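Dumped work14.cif below, it's mmCIF, C-alpha atoms:
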```
data_query
#
loop_
_atom_site.label_atom_id
_atom_site.label_comp_id
_atom_site.auth_asym_id
_atom_site.auth_seq_id
_atom_site.Cartn_x
_atom_site.Cartn_y
_atom_site.Cartn_z
CA MET K 1 -9.71 -12.23 -9.28
CA LYS K 2 -10.09 -15.55 -7.56
CA GLY K 3 -10.89 -14.79 -3.95
CA ASP K 4 -9.92 -18.07 -2.38
CA ARG K 5 -6.41 -18.59 -3.70
CA LYS K 6 -3.57 -18.83 -1.21
CA ARG K 7 -0.78 -16.29 -1.47
CA ASP K 8 2.04 -18.80 -1.15
CA ARG K 9 5.43 -18.27 -2.76
CA ARG K 10 4.50 -20.09 -5.97
CA THR K 11 1.26 -18.10 -6.27
CA ARG K 12 3.07 -14.80 -5.77
CA TYR K 13 5.64 -15.80 -8.38
CA THR K 14 2.94 -16.74 -10.90
CA ILE K 15 0.98 -13.53 -10.32
CA LYS K 16 4.13 -11.47 -10.76
CA ALA K 17 4.91 -13.33 -13.98
CA ILE K 18 1.40 -12.61 -15.29
CA LYS K 19 1.61 -8.91 -14.42
CA ASP K 20 5.10 -8.56 -15.86
CA ALA K 21 3.98 -10.28 -19.05
CA PHE K 22 0.97 -7.95 -19.25
CA LEU K 23 3.17 -4.85 -18.94
CA SER K 24 5.59 -6.30 -21.47
CA LEU K 25 2.76 -6.76 -23.99
CA GLU K 26 1.54 -3.23 -23.26
CA LYS K 27 4.86 -1.93 -24.60
CA GLU K 28 4.12 -3.61 -27.93
CA MET K 29 0.38 -3.27 -28.45
CA ALA K 30 -2.80 -1.63 -27.19
CA TYR K 31 -4.79 -3.25 -24.41
CA ASP K 32 -7.62 -4.24 -26.74
CA GLU K 33 -5.11 -6.28 -28.78
CA ILE K 34 -3.92 -8.30 -25.81
CA SER K 35 -5.55 -11.69 -25.28
CA VAL K 36 -5.32 -14.31 -22.58
CA LYS K 37 -3.57 -16.53 -25.12
CA LYS K 38 -0.87 -13.94 -25.83
CA LEU K 39 -0.47 -13.23 -22.13
CA CYS K 40 -0.03 -16.89 -21.27
CA GLU K 41 2.53 -17.33 -24.02
CA ARG K 42 4.51 -14.33 -22.79
CA ALA K 43 4.32 -15.46 -19.16
CA GLU K 44 5.11 -19.04 -20.18
CA ILE K 45 2.12 -20.45 -18.33
CA SER K 46 -0.91 -22.48 -19.38
CA ARG K 47 -4.39 -21.05 -19.75
CA ALA K 48 -5.43 -23.31 -16.87
CA THR K 49 -2.83 -21.65 -14.66
CA PHE K 50 -4.05 -18.20 -15.68
CA TYR K 51 -7.67 -19.04 -14.86
CA LEU K 52 -6.59 -20.48 -11.54
CA HIS K 53 -5.74 -16.91 -10.52
CA TYR K 54 -7.95 -14.66 -12.67
CA ASP K 55 -11.38 -14.90 -14.23
CA GLU K 56 -10.57 -12.55 -17.09
CA LEU K 57 -7.91 -10.24 -18.53
CA GLY K 58 -9.64 -7.18 -17.07
CA GLU K 59 -8.79 -8.36 -13.57
CA VAL K 60 -5.10 -8.32 -14.45
CA LEU K 61 -5.49 -4.77 -15.76
CA ASP K 62 -7.21 -3.70 -12.54
CA GLU K 63 -4.48 -5.17 -10.36
CA VAL K 64 -1.73 -3.58 -12.44
CA LEU K 65 -3.43 -0.18 -12.30
CA ASP K 66 -3.88 -0.49 -8.55
CA ASP K 67 -0.22 -1.48 -8.26
CA ALA K 68 0.70 1.67 -10.17
CA LEU K 69 -1.31 3.91 -7.86
CA LEU K 70 -0.03 2.21 -4.74
CA PHE K 71 3.50 2.30 -6.10
CA SER K 72 3.35 6.06 -6.42
CA GLU K 73 1.88 6.48 -2.95
CA GLU K 74 4.44 4.24 -1.30
CA SER K 75 7.22 6.39 -2.70
CA ASN K 76 6.57 8.90 0.07
CA GLU K 77 4.89 8.28 3.41
CA ASN K 78 3.61 11.87 3.43
CA THR K 79 1.89 11.71 0.07
CA LEU K 80 -0.92 14.25 -0.18
CA ASP K 81 -4.19 13.86 -2.04
CA LEU K 82 -5.49 15.56 -5.17
CA ILE K 83 -6.87 18.60 -3.40
CA ASP K 84 -3.50 19.47 -1.92
CA VAL K 85 -2.04 20.01 -5.39
CA ILE K 86 -4.28 23.05 -5.82
CA GLN K 87 -2.84 24.77 -2.74
CA SER K 88 -0.24 26.77 -4.63
CA ASP K 89 1.55 27.94 -1.49
CA LYS K 90 2.54 24.34 -0.83
CA ILE K 91 4.35 23.84 -4.13
CA PRO K 92 6.72 26.73 -4.86
CA ASP K 93 8.60 24.19 -6.95
CA VAL K 94 7.09 20.80 -7.67
CA ARG K 95 10.49 19.55 -8.80
CA GLU K 96 11.50 19.57 -5.14
CA ASN K 97 8.22 18.33 -3.72
CA GLU K 98 6.50 15.88 -6.07
CA ALA K 99 4.60 14.34 -3.17
CA VAL K 100 1.97 17.06 -3.61
CA LEU K 101 1.08 15.80 -7.06
CA PRO K 102 -1.98 13.58 -7.52
CA ALA K 103 -1.52 9.91 -8.32
CA CYS K 104 -1.62 10.02 -12.11
CA GLN K 105 0.97 12.82 -12.17
CA ARG K 106 3.40 11.32 -9.68
CA ILE K 107 3.80 8.21 -11.82
CA ALA K 108 4.25 10.15 -15.05
CA ASP K 109 7.91 9.23 -15.31
CA SER K 110 7.57 5.63 -14.13
CA HIS K 111 9.24 3.50 -16.79
CA LYS K 112 7.38 0.43 -15.60
CA TYR K 113 3.90 1.89 -16.11
CA HIS K 114 4.52 4.52 -18.80
CA ASP K 115 3.12 2.52 -21.72
CA LEU K 116 0.02 1.64 -19.75
CA PHE K 117 -0.84 5.30 -19.26
CA ILE K 118 -0.29 6.30 -22.90
CA ASP K 119 -2.48 3.49 -24.22
CA ALA K 120 -5.24 5.34 -26.09
CA SER K 121 -7.71 2.51 -25.52
CA LEU K 122 -7.40 2.80 -21.73
CA GLY K 123 -7.74 6.53 -21.05
CA GLU K 124 -11.33 6.61 -19.80
CA TYR K 125 -10.95 3.38 -17.88
CA ILE K 126 -7.83 4.60 -16.08
CA ILE K 127 -9.60 7.85 -15.17
CA MET K 128 -12.46 5.81 -13.70
CA ARG K 129 -10.01 3.71 -11.71
CA ILE K 130 -8.21 6.77 -10.37
CA SER K 131 -11.56 8.36 -9.55
CA ASN K 132 -12.64 5.31 -7.57
CA HIS K 133 -9.30 5.31 -5.77
CA GLU K 134 -9.33 9.00 -4.82
CA HIS K 135 -13.06 9.70 -4.54
CA ASP K 136 -13.74 9.05 -0.87
CA ARG K 137 -10.82 11.21 0.24
CA VAL K 138 -11.19 14.05 -2.22
CA ILE K 139 -14.95 14.74 -2.32
CA PRO K 140 -15.45 15.39 1.43
CA ASP K 141 -12.30 17.55 1.49
CA LEU K 142 -13.44 19.52 -1.53
CA MET K 143 -16.89 20.04 0.00
CA GLY K 144 -15.31 21.27 3.23
CA ARG K 145 -12.99 23.72 1.48
CA THR K 146 -15.56 25.16 -0.92
CA GLY K 147 -18.94 24.74 0.75
CA LEU K 148 -20.19 23.02 -2.40
CA SER K 149 -22.82 20.31 -2.34
CA GLU K 150 -21.70 16.73 -2.94
CA GLU K 151 -23.12 16.88 -6.46
CA TYR K 152 -21.11 19.93 -7.47
CA ALA K 153 -18.00 18.77 -5.63
CA GLU K 154 -18.23 15.56 -7.64
CA LEU K 155 -18.49 17.50 -10.91
CA LEU K 156 -15.54 19.72 -10.00
CA PHE K 157 -13.48 16.68 -9.02
CA ARG K 158 -14.17 14.99 -12.36
CA PHE K 159 -13.30 18.20 -14.22
CA MET K 160 -9.94 18.39 -12.44
CA LEU K 161 -9.21 14.70 -12.91
CA HIS K 162 -10.09 14.56 -16.61
CA GLY K 163 -8.27 17.80 -17.38
CA SER K 164 -5.14 16.79 -15.51
CA PHE K 165 -5.11 13.34 -17.10
CA TYR K 166 -5.47 14.58 -20.66
CA VAL K 167 -2.87 17.33 -20.28
CA ASN K 168 -0.46 14.68 -19.03
CA LYS K 169 -1.43 12.51 -21.98
CA LEU K 170 -0.86 15.40 -24.41
CA LEU K 171 2.60 15.89 -22.91
CA LYS K 172 3.22 12.13 -23.29
CA TRP K 173 3.56 11.68 -19.53
CA GLU K 174 7.05 13.11 -19.64
CA LYS K 175 8.28 15.35 -16.84
CA ASN K 176 10.02 17.99 -18.94
CA ASP K 177 10.22 21.75 -18.32
CA THR K 178 6.81 22.32 -19.91
CA TRP K 179 5.27 19.67 -17.66
CA TYR K 180 6.68 21.19 -14.46
CA ASP K 181 5.74 24.73 -15.44
CA PHE K 182 2.21 23.64 -16.24
CA GLN K 183 1.78 21.96 -12.85
CA LYS K 184 2.50 25.28 -11.16
CA LEU K 185 0.19 27.13 -13.56
CA LEU K 186 -2.61 24.62 -13.02
CA SER K 187 -2.21 24.75 -9.26
CA ALA K 188 -2.43 28.54 -9.20
CA PHE K 189 -5.45 28.48 -11.53
CA LEU K 190 -7.39 25.95 -9.46
CA ASP K 191 -6.37 27.53 -6.17
CA ALA K 192 -7.74 30.92 -7.30
CA GLY K 193 -10.94 29.32 -8.53
CA ILE K 194 -11.60 27.40 -5.34
CA ASN K 195 -10.83 30.47 -3.21
CA GLU K 196 -13.36 32.44 -5.25
CA VAL K 197 -16.01 29.74 -4.85
CA SER K 198 -15.33 29.64 -1.11
CA LYS K 199 -15.78 33.40 -0.77
CA LYS K 200 -19.11 33.31 -2.58
CA ARG K 201 -20.32 30.54 -0.28
CA GLU K 202 -19.45 32.44 2.90
#
```

The structure in this file should be written as structure tokens.
Amino acid sequence: MKGDRKRDRRTRYTIKAIKDAFLSLEKEMAYDEISVKKLCERAEISRATFYLHYDELGEVLDEVLDDALLFSEESNENTLDLIDVIQSDKIPDVRENEAVLPACQRIADSHKYHDLFIDASLGEYIIMRISNHEHDRVIPDLMGRTGLSEEYAELLFRFMLHGSFYVNKLLKWEKNDTWYDFQKLLSAFLDAGINEVSKKRE
């Protein structure tokens, strides 16, 4: 993204138009089918205007993904991180306390971003983006709770993130009864596993 642009009203309007157009196209086609040309046509802007704000389409994707993660976090000032979801005693019923869910799960029913998260061409990239977003908070916490080295904490974190993401994907990111029940099952499973690892490290 262009680093020196001014965030005046017109700039904010144009950026919003670009992001909205991007999400609109995502409802109709996969990310790898979207082009700058199609995006500009949908946003009703020129290519010159697009390149005034972004160097490439991937920068729009990154901003939209970051918006999605921030959107879910801003929904509750007491949002907890990924590790908290494994503390089963904190979520007797996730229906009543969705703040304990990690980022990719909290936005599962977001109409605005739903198509973005079911795009088959973006799965691995979204996981990487979520990992980068959560990494510095989760890894030290996981190391502290388990006594694992940074290397193994990293591997465990990626296992949890990939597994959670693909289960959500399998369930089409819909918060139905199966989805809620699985969150409780997954939390209990991970909680027991981490407790066992902690005991062995004592």

Name the residues captured by the PyMOL selection byres ((chain K and resi 136-150) around 10) when it is applied to the shown file; answer as an mmCIF file with C-alpha atoms, keeping the file's coordinate frame.
```cif
data_model
loop_
_atom_site.group_PDB
_atom_site.id
_atom_site.type_symbol
_atom_site.label_atom_id
_atom_site.label_comp_id
_atom_site.auth_asym_id
_atom_site.auth_seq_id
_atom_site.Cartn_x
_atom_site.Cartn_y
_atom_site.Cartn_z
ATOM 1 C CA ASP K 81 -4.190 13.860 -2.040
ATOM 2 C CA LEU K 82 -5.490 15.560 -5.170
ATOM 3 C CA ILE K 83 -6.870 18.600 -3.400
ATOM 4 C CA ASP K 84 -3.500 19.470 -1.920
ATOM 5 C CA SER K 131 -11.560 8.360 -9.550
ATOM 6 C CA ASN K 132 -12.640 5.310 -7.570
ATOM 7 C CA HIS K 133 -9.300 5.310 -5.770
ATOM 8 C CA GLU K 134 -9.330 9.000 -4.820
ATOM 9 C CA HIS K 135 -13.060 9.700 -4.540
ATOM 10 C CA GLU K 151 -23.120 16.880 -6.460
ATOM 11 C CA TYR K 152 -21.110 19.930 -7.470
ATOM 12 C CA ALA K 153 -18.000 18.770 -5.630
ATOM 13 C CA GLU K 154 -18.230 15.560 -7.640
ATOM 14 C CA LEU K 155 -18.490 17.500 -10.910
ATOM 15 C CA LEU K 156 -15.540 19.720 -10.000
ATOM 16 C CA PHE K 157 -13.480 16.680 -9.020
ATOM 17 C CA GLY K 193 -10.940 29.320 -8.530
ATOM 18 C CA ILE K 194 -11.600 27.400 -5.340
ATOM 19 C CA ASN K 195 -10.830 30.470 -3.210
ATOM 20 C CA GLU K 196 -13.360 32.440 -5.250
ATOM 21 C CA VAL K 197 -16.010 29.740 -4.850
ATOM 22 C CA SER K 198 -15.330 29.640 -1.110
ATOM 23 C CA LYS K 199 -15.780 33.400 -0.770
ATOM 24 C CA LYS K 200 -19.110 33.310 -2.580
ATOM 25 C CA ARG K 201 -20.320 30.540 -0.280
ATOM 26 C CA GLU K 202 -19.450 32.440 2.900
#
```

Do a neighbour search on stretch 10-20 of chain K at 7 Å with only C-alpha atoms, toss out local chain neighbours closer than 4 positions, and write the hits as a compact mmCIF listing (two decimals) with C-alpha atoms, keeping the file's coordinate frame.
```
# COMPACT_ATOMS: atom_id res chain seq x y z
CA SER K 24 5.59 -6.30 -21.47
CA ALA K 43 4.32 -15.46 -19.16
CA VAL K 60 -5.10 -8.32 -14.45
CA VAL K 64 -1.73 -3.58 -12.44
```

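As for atom CA of K:Ala30 and atom CA of K:Ser121, they are spaced 6.6 Å apart.
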
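Interatomic distance, atom CA of K:Arg42 to atom CA of K:Glu26: 11.5 Å.
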
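Distance check against K:Lys27 using all atoms listed in the file: of K:Ala48, K:Leu116, K:Leu57, K:Leu39, the minimum falls on K:Leu116.
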
Checklist outcome for this item: From the list K:Phe50, K:Leu70, K:Glu174, K:Phe159, the nearest residue to K:Lys38 using only C-alpha atoms is K:Phe50

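Residue nearest K:Tyr125, chosen from K:Leu185, K:Asp62, K:Tyr113, K:Ile34 and counting all atoms listed in the file: K:Asp62.
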
Next on the checklist: For K:Asp115, find every residue with an atom within 12 Å (counting only C-alpha atoms), except residues of its own chain fewer than 4 positions away, and show them as a ChimeraX atom specification.
Outcome noted: /K:22-31,65,68,107-111,119-123,169,172-174
